[in-house]
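Student: Following this line is target_19.txt, made up of compact mmCIF, C-alpha atoms (C1' of nucleotides):
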# COMPACT_ATOMS: atom_id res chain seq x y z
CA MET A 1 0.00 0.00 0.00
CA LYS A 2 2.15 2.76 -1.30
CA LEU A 3 1.28 5.67 -3.54
CA ASN A 4 3.29 6.42 -6.66
CA ALA A 5 6.15 8.79 -6.03
CA GLY A 6 4.68 10.91 -8.80
CA VAL A 7 1.93 12.10 -6.49
CA GLU A 8 4.42 13.98 -4.35
CA TRP A 9 6.20 15.33 -7.42
CA VAL A 10 3.17 16.76 -9.13
CA LEU A 11 1.61 18.23 -6.01
CA HIS A 12 4.74 20.29 -5.44
CA THR A 13 4.99 21.03 -9.14
CA CYS A 14 1.44 22.36 -9.30
CA LEU A 15 2.19 24.70 -6.41
CA ASN A 16 5.26 25.91 -8.25
CA LEU A 17 3.22 26.51 -11.39
CA GLY A 18 0.82 28.56 -9.29
CA TRP A 19 3.58 30.87 -8.21
CA ILE A 20 5.17 31.10 -11.61
CA GLU A 21 1.91 32.00 -13.30
CA GLU A 22 1.07 34.65 -10.73
CA ASP A 23 4.22 36.33 -11.85
CA THR A 24 5.01 35.73 -15.48
CA ARG A 25 1.69 34.53 -16.88
CA GLU A 26 3.69 31.79 -18.54
CA GLY A 27 4.09 28.10 -17.94
CA ALA A 28 7.21 26.05 -17.51
CA SER A 29 8.74 23.13 -19.39
CA THR A 30 9.18 19.63 -18.06
CA ALA A 31 12.92 20.10 -18.08
CA ARG A 32 12.86 23.08 -15.76
CA LEU A 33 10.13 21.77 -13.51
CA ALA A 34 12.15 18.59 -13.07
CA ALA A 35 15.42 20.43 -12.52
CA PHE A 36 13.86 22.38 -9.67
CA TYR A 37 13.82 19.24 -7.50
CA HIS A 38 16.40 17.21 -9.45
CA LEU A 39 13.73 14.80 -10.62
CA PRO A 40 14.10 12.56 -13.72
CA PRO A 41 12.70 14.76 -16.50
CA ALA A 42 11.25 12.06 -18.74
CA TYR A 43 9.44 10.39 -15.88
CA LEU A 44 8.06 13.62 -14.47
CA GLY A 45 6.88 14.32 -18.01
CA LYS A 46 4.78 11.16 -17.89
CA GLN A 47 3.10 12.32 -14.71
CA LEU A 48 2.42 15.77 -16.09
CA GLN A 49 0.87 14.24 -19.17
CA ALA A 50 -1.51 12.40 -16.85
CA LEU A 51 -2.49 15.72 -15.30
CA VAL A 52 -3.19 17.11 -18.76
CA ARG A 53 -5.42 14.16 -19.57
CA ALA A 54 -7.22 14.79 -16.28
CA GLY A 55 -7.82 18.41 -17.21
CA ILE A 56 -5.69 19.81 -14.40
CA LEU A 57 -2.93 21.18 -16.62
CA THR A 58 -2.75 22.38 -20.18
CA SER A 59 0.27 21.91 -22.39
CA THR A 60 1.68 23.70 -25.39
CA SER A 61 4.35 22.43 -27.73
CA GLY A 62 7.28 24.26 -29.17
CA PRO A 63 9.69 26.87 -27.85
CA ARG A 64 8.26 28.84 -24.93
CA GLY A 65 5.88 25.94 -24.52
CA GLY A 66 5.35 23.80 -21.47
CA PHE A 67 2.70 23.25 -18.83
CA ARG A 68 0.25 25.61 -17.20
CA LEU A 69 -2.56 25.20 -14.73
CA ALA A 70 -5.88 24.57 -16.45
CA ARG A 71 -7.74 26.27 -13.61
CA ARG A 72 -7.14 28.13 -10.38
CA LEU A 73 -5.63 26.37 -7.37
CA GLU A 74 -8.92 27.00 -5.58
CA ASP A 75 -10.62 24.73 -8.08
CA ILE A 76 -8.19 21.80 -7.89
CA SER A 77 -8.69 19.41 -5.03
CA VAL A 78 -5.86 17.26 -3.78
CA LEU A 79 -8.00 14.28 -4.68
CA ASP A 80 -8.13 15.48 -8.28
CA VAL A 81 -4.37 15.32 -8.47
CA VAL A 82 -4.05 12.01 -6.66
CA THR A 83 -6.69 10.41 -8.86
CA ALA A 84 -5.02 11.70 -12.02
CA ILE A 85 -1.81 9.90 -11.11
CA GLU A 86 -3.08 6.93 -9.19
CA GLY A 87 -6.36 6.13 -10.89
CA ARG A 88 -9.59 5.30 -9.16
CA THR A 89 -8.46 2.04 -7.63
CA ASN A 90 -9.07 1.61 -3.92
CA ALA A 91 -6.39 0.53 -1.49
CA PHE A 92 -8.47 -2.52 -0.66
CA GLU A 93 -9.52 -4.54 -3.66
CA CYS A 94 -12.18 -7.12 -2.88
CA THR A 95 -11.33 -10.28 -4.80
CA GLN A 96 -14.59 -11.83 -3.65
CA ILE A 97 -13.01 -14.86 -2.07
CA LEU A 98 -16.46 -15.70 -0.73
CA HIS A 99 -17.13 -16.97 -4.24
CA ASP A 100 -14.55 -19.68 -3.57
CA GLY A 101 -16.06 -20.67 -0.22
CA PRO A 102 -18.84 -23.14 0.48
CA GLY A 103 -22.40 -21.95 0.02
CA ALA A 104 -21.43 -19.12 -2.30
CA ASN A 105 -23.96 -17.63 -4.63
CA PRO A 106 -22.32 -17.22 -8.06
CA ALA A 107 -24.73 -14.45 -8.97
CA THR A 108 -23.87 -12.31 -5.94
CA ASP A 109 -21.50 -9.37 -6.27
CA TYR A 110 -19.64 -9.64 -2.98
CA ARG A 111 -17.87 -6.35 -3.57
CA THR A 112 -21.06 -4.63 -2.46
CA VAL A 113 -22.54 -7.32 -0.20
CA CYS A 114 -19.57 -8.65 1.77
CA ALA A 115 -19.30 -7.00 5.19
CA VAL A 116 -15.51 -7.04 5.06
CA SER A 117 -15.53 -5.30 1.72
CA GLN A 118 -17.99 -2.73 3.02
CA THR A 119 -15.79 -1.84 5.96
CA MET A 120 -12.69 -1.49 3.85
CA SER A 121 -14.56 0.59 1.31
CA ARG A 122 -15.70 2.97 4.01
CA ALA A 123 -12.09 3.51 5.03
CA ASP A 124 -11.07 4.23 1.45
CA LEU A 125 -13.98 6.60 1.21
CA ALA A 126 -12.84 8.45 4.34
CA TRP A 127 -9.41 8.80 2.78
CA ARG A 128 -10.82 10.23 -0.42
CA ARG A 129 -13.20 12.52 1.41
CA GLU A 130 -10.30 13.99 3.33
CA LEU A 131 -8.35 14.61 0.12
CA ALA A 132 -11.41 16.01 -1.64
CA SER A 133 -11.96 18.52 1.15
CA GLU A 134 -8.64 20.24 0.58
CA THR A 135 -7.65 22.27 -2.46
CA LEU A 136 -4.22 23.18 -3.72
CA ALA A 137 -5.06 26.72 -2.66
CA ASP A 138 -5.44 25.53 0.93
CA ILE A 139 -2.00 23.99 0.78
CA ARG A 140 -0.54 27.08 -0.84
CA ASP A 141 -1.96 29.25 1.92
CA ARG A 142 -0.39 27.09 4.60
CA VAL A 143 2.93 27.27 2.82
CA LEU A 144 2.65 31.06 2.82
CA THR A 145 2.09 31.06 6.56
CA PHE A 146 5.07 28.87 7.27
CA SER A 147 7.49 30.34 4.74
CA PRO A 148 6.26 33.60 3.21
CA GLY A 149 9.36 33.87 1.05
CA ALA A 150 8.62 30.69 -0.89
CA PRO A 151 6.82 32.32 -3.86
CA ARG A 152 9.51 34.91 -4.41
CA GLN A 153 12.26 32.33 -4.07
CA THR A 154 10.61 29.97 -6.50
CA ARG A 155 9.99 32.68 -9.09
CA ALA A 156 13.57 33.84 -8.78
CA TRP A 157 14.89 30.37 -9.47
CA PHE A 158 12.78 29.95 -12.59
CA GLU A 159 13.77 33.38 -13.86
CA ASN A 160 17.45 32.89 -13.25
CA THR A 161 17.58 29.54 -15.00
CA ARG A 162 15.47 30.79 -17.84
CA ALA A 163 18.13 30.53 -20.53
CA MET B 1 -1.52 1.98 -3.71
CA LYS B 2 -2.81 -1.49 -3.16
CA LEU B 3 -3.10 -3.48 0.04
CA ASN B 4 -1.70 -6.97 0.29
CA ALA B 5 -4.16 -9.64 -0.69
CA GLY B 6 -3.47 -11.22 2.68
CA VAL B 7 -5.56 -8.55 4.39
CA GLU B 8 -8.71 -9.87 2.78
CA TRP B 9 -7.73 -13.47 3.50
CA VAL B 10 -7.09 -13.04 7.20
CA LEU B 11 -10.10 -10.84 7.86
CA HIS B 12 -12.38 -13.56 6.55
CA THR B 13 -10.30 -16.22 8.29
CA CYS B 14 -10.62 -14.48 11.65
CA LEU B 15 -14.38 -14.38 11.26
CA ASN B 16 -14.37 -18.09 10.48
CA LEU B 17 -12.28 -18.77 13.55
CA GLY B 18 -14.83 -16.86 15.58
CA TRP B 19 -17.60 -19.15 14.45
CA ILE B 20 -15.58 -22.32 14.82
CA GLU B 21 -14.54 -21.47 18.37
CA GLU B 22 -18.07 -20.62 19.41
CA ASP B 23 -18.90 -24.16 18.53
CA THR B 24 -16.04 -26.53 19.11
CA ARG B 25 -13.76 -24.55 21.40
CA GLU B 26 -10.97 -25.61 19.08
CA GLY B 27 -8.88 -23.87 16.48
CA ALA B 28 -8.21 -24.81 12.89
CA SER B 29 -5.09 -25.63 10.93
CA THR B 30 -3.63 -23.57 8.12
CA ALA B 31 -4.46 -26.36 5.69
CA ARG B 32 -8.16 -26.31 6.45
CA LEU B 33 -8.46 -22.55 6.77
CA ALA B 34 -6.83 -22.24 3.35
CA ALA B 35 -8.96 -24.99 1.81
CA PHE B 36 -12.11 -23.16 2.87
CA TYR B 37 -11.44 -20.46 0.25
CA HIS B 38 -9.02 -22.42 -1.95
CA LEU B 39 -6.16 -20.19 -0.90
CA PRO B 40 -2.48 -21.20 -1.18
CA PRO B 41 -1.85 -22.86 2.20
CA ALA B 42 1.81 -21.95 2.63
CA TYR B 43 1.20 -18.31 1.83
CA LEU B 44 -1.83 -18.03 4.08
CA GLY B 45 0.36 -19.59 6.76
CA LYS B 46 2.74 -16.67 6.46
CA GLN B 47 -0.06 -14.21 7.01
CA LEU B 48 -1.39 -16.11 10.01
CA GLN B 49 2.08 -16.14 11.51
CA ALA B 50 2.05 -12.36 11.26
CA LEU B 51 -1.22 -12.26 13.20
CA VAL B 52 0.34 -14.44 15.89
CA ARG B 53 3.28 -12.05 16.16
CA ALA B 54 0.78 -9.21 16.47
CA GLY B 55 -1.00 -10.97 19.31
CA ILE B 56 -4.26 -11.42 17.43
CA LEU B 57 -4.02 -15.19 17.12
CA THR B 58 -2.37 -17.94 19.12
CA SER B 59 -0.94 -21.06 17.58
CA THR B 60 -0.29 -24.58 18.81
CA SER B 61 1.87 -27.19 17.12
CA GLY B 62 1.19 -30.84 16.67
CA PRO B 63 -1.91 -32.90 15.93
CA ARG B 64 -5.15 -31.10 16.79
CA GLY B 65 -3.09 -27.93 16.70
CA GLY B 66 -3.64 -24.83 14.61
CA PHE B 67 -4.71 -21.25 15.14
CA ARG B 68 -7.14 -19.71 17.58
CA LEU B 69 -8.19 -16.17 18.33
CA ALA B 70 -6.08 -14.63 21.06
CA ARG B 71 -9.00 -12.47 22.20
CA ARG B 72 -12.65 -11.86 21.49
CA LEU B 73 -13.77 -10.35 18.20
CA GLU B 74 -15.03 -7.37 20.18
CA ASP B 75 -11.43 -6.63 21.15
CA ILE B 76 -9.89 -6.86 17.69
CA SER B 77 -10.18 -3.77 15.52
CA VAL B 78 -9.97 -4.01 11.78
CA LEU B 79 -6.96 -1.73 12.00
CA ASP B 80 -5.22 -4.26 14.24
CA VAL B 81 -5.51 -6.86 11.53
CA VAL B 82 -4.54 -4.54 8.70
CA THR B 83 -1.51 -3.29 10.60
CA ALA B 84 -0.40 -6.82 11.41
CA ILE B 85 -0.24 -7.67 7.71
CA GLU B 86 0.62 -4.35 6.20
CA GLY B 87 2.83 -2.70 8.76
CA ARG B 88 2.62 0.88 9.89
CA THR B 89 3.63 2.47 6.59
CA ASN B 90 1.41 5.22 5.25
CA ALA B 91 0.06 5.25 1.73
CA PHE B 92 1.85 8.54 1.11
CA GLU B 93 5.52 8.51 1.92
CA CYS B 94 7.09 11.95 1.98
CA THR B 95 10.51 11.73 0.35
CA GLN B 96 11.19 15.33 1.30
CA ILE B 97 11.88 16.49 -2.21
CA LEU B 98 11.95 19.99 -0.79
CA HIS B 99 15.45 19.08 0.38
CA ASP B 100 16.45 18.90 -3.29
CA GLY B 101 14.92 22.27 -4.14
CA PRO B 102 16.52 25.70 -3.91
CA GLY B 103 16.50 27.36 -0.54
CA ALA B 104 16.10 24.12 1.38
CA ASN B 105 17.13 23.89 5.00
CA PRO B 106 19.09 20.66 5.45
CA ALA B 107 18.19 20.55 9.13
CA THR B 108 14.46 20.67 8.53
CA ASP B 109 12.37 17.52 8.68
CA TYR B 110 9.92 18.20 5.88
CA ARG B 111 7.85 15.15 6.75
CA THR B 112 6.32 17.21 9.54
CA VAL B 113 6.74 20.71 8.13
CA CYS B 114 5.81 20.37 4.45
CA ALA B 115 2.20 21.35 3.80
CA VAL B 116 1.79 18.69 1.15
CA SER B 117 3.00 16.02 3.53
CA GLN B 118 0.65 17.29 6.23
CA THR B 119 -2.37 17.02 3.97
CA MET B 120 -1.54 13.52 2.84
CA SER B 121 -0.87 12.45 6.41
CA ARG B 122 -4.28 13.67 7.47
CA ALA B 123 -5.88 11.51 4.81
CA ASP B 124 -3.95 8.46 5.95
CA LEU B 125 -5.02 9.25 9.49
CA ALA B 126 -8.67 9.40 8.46
CA TRP B 127 -8.28 5.99 6.85
CA ARG B 128 -6.80 4.49 9.98
CA ARG B 129 -9.34 6.13 12.22
CA GLU B 130 -12.12 4.56 10.19
CA LEU B 131 -10.54 1.13 10.46
CA ALA B 132 -9.85 1.56 14.15
CA SER B 133 -13.47 2.42 14.85
CA GLU B 134 -14.72 -0.95 13.66
CA THR B 135 -14.11 -4.29 15.33
CA LEU B 136 -14.33 -7.77 13.90
CA ALA B 137 -17.43 -8.20 16.07
CA ASP B 138 -19.07 -5.33 14.20
CA ILE B 139 -18.40 -7.07 10.91
CA ARG B 140 -19.59 -10.39 12.27
CA ASP B 141 -22.87 -8.81 13.38
CA ARG B 142 -23.46 -7.37 9.94
CA VAL B 143 -22.80 -10.75 8.37
CA LEU B 144 -25.39 -12.24 10.71
CA THR B 145 -27.94 -9.71 9.58
CA PHE B 146 -27.36 -10.36 5.92
CA SER B 147 -26.92 -14.13 6.02
CA PRO B 148 -27.92 -15.63 9.38
CA GLY B 149 -27.01 -19.10 8.18
CA ALA B 150 -23.33 -18.29 7.73
CA PRO B 151 -22.12 -19.52 11.14
CA ARG B 152 -23.89 -22.85 10.89
CA GLN B 153 -22.72 -23.33 7.33
CA THR B 154 -19.14 -22.55 8.17
CA ARG B 155 -19.09 -24.85 11.20
CA ALA B 156 -20.62 -27.63 9.15
CA TRP B 157 -17.92 -27.35 6.53
CA PHE B 158 -15.13 -27.53 9.08
CA GLU B 159 -16.74 -30.51 10.80
CA ASN B 160 -17.35 -32.44 7.60
CA THR B 161 -13.81 -32.00 6.34
CA ARG B 162 -12.37 -32.78 9.72
CA ALA B 163 -10.74 -36.07 8.77
C1' DA C 1 7.89 -43.80 17.93
C1' DT C 2 5.06 -41.62 14.67
C1' DA C 3 2.23 -38.43 12.55
C1' DT C 4 0.69 -33.75 12.67
C1' DC C 5 1.46 -28.92 12.47
C1' DC C 6 3.67 -24.41 13.30
C1' DT C 7 8.14 -21.60 12.47
C1' DG C 8 11.63 -19.36 10.06
C1' DG C 9 14.47 -18.93 6.23
C1' DA C 10 15.70 -19.47 1.54
C1' DC C 11 14.23 -19.24 -2.91
C1' DA C 12 11.50 -18.66 -7.41
C1' DT C 13 8.01 -16.15 -9.81
C1' DT C 14 5.21 -12.38 -10.95
C1' DA C 15 3.47 -7.75 -11.11
C1' DC C 16 4.05 -3.15 -10.91
C1' DC C 17 6.68 1.02 -10.33
C1' DT C 18 10.44 3.60 -11.93
C1' DA C 19 13.03 5.24 -15.64
C1' DT C 20 14.79 5.87 -20.34
C1' DC C 21 14.60 6.39 -25.27
C1' DC C 22 12.80 7.49 -29.65
C1' DA C 23 9.89 8.83 -33.57
C1' DG C 24 6.38 12.02 -34.58
C1' DA C 25 3.64 16.20 -34.23
C1' DA C 26 3.05 20.96 -32.86
C1' DT C 27 4.83 25.52 -32.35
C1' DT C 28 7.95 29.40 -32.09
C1' DT C 29 11.82 31.83 -33.93
C1' DC C 30 14.73 33.37 -37.50
C1' DG D 1 10.67 27.73 -45.25
C1' DA D 2 14.30 25.83 -42.02
C1' DA D 3 15.71 24.97 -37.53
C1' DA D 4 15.16 24.52 -32.79
C1' DT D 5 12.17 23.56 -28.96
C1' DT D 6 8.78 20.93 -26.57
C1' DC D 7 4.92 17.83 -25.82
C1' DT D 8 2.92 12.96 -26.99
C1' DG D 9 2.64 8.16 -27.10
C1' DG D 10 4.71 3.82 -27.43
C1' DA D 11 8.28 0.55 -26.63
C1' DT D 12 11.35 -1.13 -23.51
C1' DA D 13 14.57 -2.03 -19.66
C1' DG D 14 15.55 -2.32 -14.68
C1' DG D 15 14.40 -2.59 -9.86
C1' DT D 16 11.65 -3.54 -5.97
C1' DA D 17 7.95 -5.49 -3.53
C1' DA D 18 4.26 -8.82 -3.48
C1' DT D 19 3.13 -13.49 -4.24
C1' DG D 20 3.96 -18.22 -3.77
C1' DT D 21 6.73 -22.58 -2.82
C1' DC D 22 9.82 -25.53 -0.37
C1' DC D 23 12.32 -27.44 3.32
C1' DA D 24 14.62 -28.37 7.77
C1' DG D 25 13.69 -27.98 12.51
C1' DG D 26 10.96 -27.90 16.63
C1' DA D 27 6.74 -28.73 19.23
C1' DT D 28 2.83 -31.63 20.44
C1' DA D 29 -0.73 -35.23 20.55
C1' DT D 30 -1.63 -40.17 20.03
Before we go any further, please render this structure as structure tokens.

Tutor:
Amino acid sequence: MKLNAGVEWVLHTCLNLGWIEEDTREGASTARLAAFYHLPPAYLGKQLQALVRAGILTSTSGPRGGFRLARRLEDISVLDVVTAIEGRTNAFECTQILHDGPGANPATDYRTVCAVSQTMSRADLAWRRELASETLADIRDRVLTFSPGAPRQTRAWFENTRA
Amino acid sequence: MKLNAGVEWVLHTCLNLGWIEEDTREGASTARLAAFYHLPPAYLGKQLQALVRAGILTSTSGPRGGFRLARRLEDISVLDVVTAIEGRTNAFECTQILHDGPGANPATDYRTVCAVSQTMSRADLAWRRELASETLADIRDRVLTFSPGAPRQTRAWFENTRA
DNA sequence: ATATCCTGGACATTACCTATCCAGAATTTC
DNA sequence: GAAATTCTGGATAGGTAATGTCCAGGATAT
């Protein structure tokens, strides 16, 4: 039960894009976004492509191209981002082993009926609900409280490495 | 982000043990517990050993030996079982990529400070809290409501395959 | 003594995550 | 129009963890 490392990467990357766009009204390329944290560029690119497919980012090809936020941080929940990378699979996947036990009804879908499955589903639901209740803007605001200089520092880095 | 399959196996197995012990005051061997759902015996054995180490089951060697519940279903939370199999690792593991970004403080533990990490930790906490709030007795009672014949049917199977 | 059964470790297999590379298309710049 | 930049999608390789098997050893009941 471990999330893809990409979840951490893209959450931070989206926050960075928020600060960049506030300033320059431009996006950033995979290469520079990856260099910011010394992440493998090609692999981060895969994750960003997933965000584009999920409608969280937009991309443009060519020089001066790159990725931008498709909407405001207020309108992107953490769950949106997690789901884009991780898919909709639950941590607990009911394999319906009751079907292999005595007295099983072949027509029954134990994913909805089985009491064990129900309990585990509720836990997964609680996890998702928690992530759905927080937006990237909420996270950004908490970053600002803890380290107010973060936006300026991030913008400066992207400007200085522009060439 | 997927739980070990063993979680499903041992949750159902613990419920079966509950019904068996109500009746015969005896445990059941790995071989028979596995046969009940056509699970690989040796691998289920590994999972049951983990439950013994966690203090959820007790085991006895030799003929008529096997596994028994170490305490009542009322006193075993679903989280206890999940943790025994899965360990205490969270779904989201903060790799502190902020340490690799500009302006990082090498002395800072970003697992507690980073706003992204905090959000993801809260979600994991909500998941655990949900699992901790439910006991195996709760699940058993819901099974009884849905299929009152389950205990009798399970006991019958274990008695008939006794030899 | 013998048969049963758990224990722990070693080992093989499989699946998935991580990561790279490349050809192709889109876009800007000159 | 040519060249450089950048995203896109697919193919592929490597690594790690989950899955599954096997066996020697110890414990226990008959």

Student: Please check the contacts: residues of chain A at most 8 Å away from chain B, using all atoms listed in the file, listed as number ranges by chain.

Tutor: A: 1-5, 8-9, 11-12, 36-38, 86, 89-94, 97-98, 100-103, 114-116, 119-120, 122-124, 126-128, 130-131, 134, 139-140, 142-143, 153-154, 157

Student: I want to know what sits within 12 Å of B:Glu22, based on only C-alpha atoms (C1' of nucleotides), with residues of the same chain fewer than 5 positions away left out; could you give that as a list in words?

Tutor: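 Everything that qualifies: Leu15, Asn16, Leu17, Gly27, Arg68, Leu69, Arg72, Leu73, Pro151, Arg152, Thr154 and Arg155 of chain B.
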
Student: Chain B residues within 6 Å of chain C, counting all atoms listed in the file: which ones, as a ChimeraX atom specification?

Tutor: /B:61-63

Student: Dump C-alpha atoms for the selected residues as a PDB file, in the frame of the given file?

Tutor:
ATOM      1  CA  SER B  61       1.870 -27.190  17.120  1.00  0.00           C
ATOM      2  CA  GLY B  62       1.190 -30.840  16.670  1.00  0.00           C
ATOM      3  CA  PRO B  63      -1.910 -32.900  15.930  1.00  0.00           C
TER       4      PRO B  63
END

Student: Considering only C-alpha atoms (C1' of nucleotides), extract the chain A residues located within 12 Å of chain D and return them as a PyMOL selection string.

Tutor: chain A and resi 1-2+28-32+42+45-46+48-50+52-53+58-67

Student: Separation of atom CA of B:Phe158 and atom CA of B:Thr145, in Å?

Tutor: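 Pair atom CA of B:Phe158 / atom CA of B:Thr145 returns 22.0 Å.
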
Student: Go ahead and compute the interatomic distance for atom CA of A:Ala84 and atom CA of A:Thr112, in Å to one decimal.

Tutor: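 Atom CA of A:Ala84 sits 24.8 Å away from atom CA of A:Thr112.
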
Student: If you measure from atom CA of B:Trp19 to atom CA of B:Arg88, what distance in Å do you get, rounded to one decimal?

Tutor: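 Computing it gives 28.8 Å between the two atoms.
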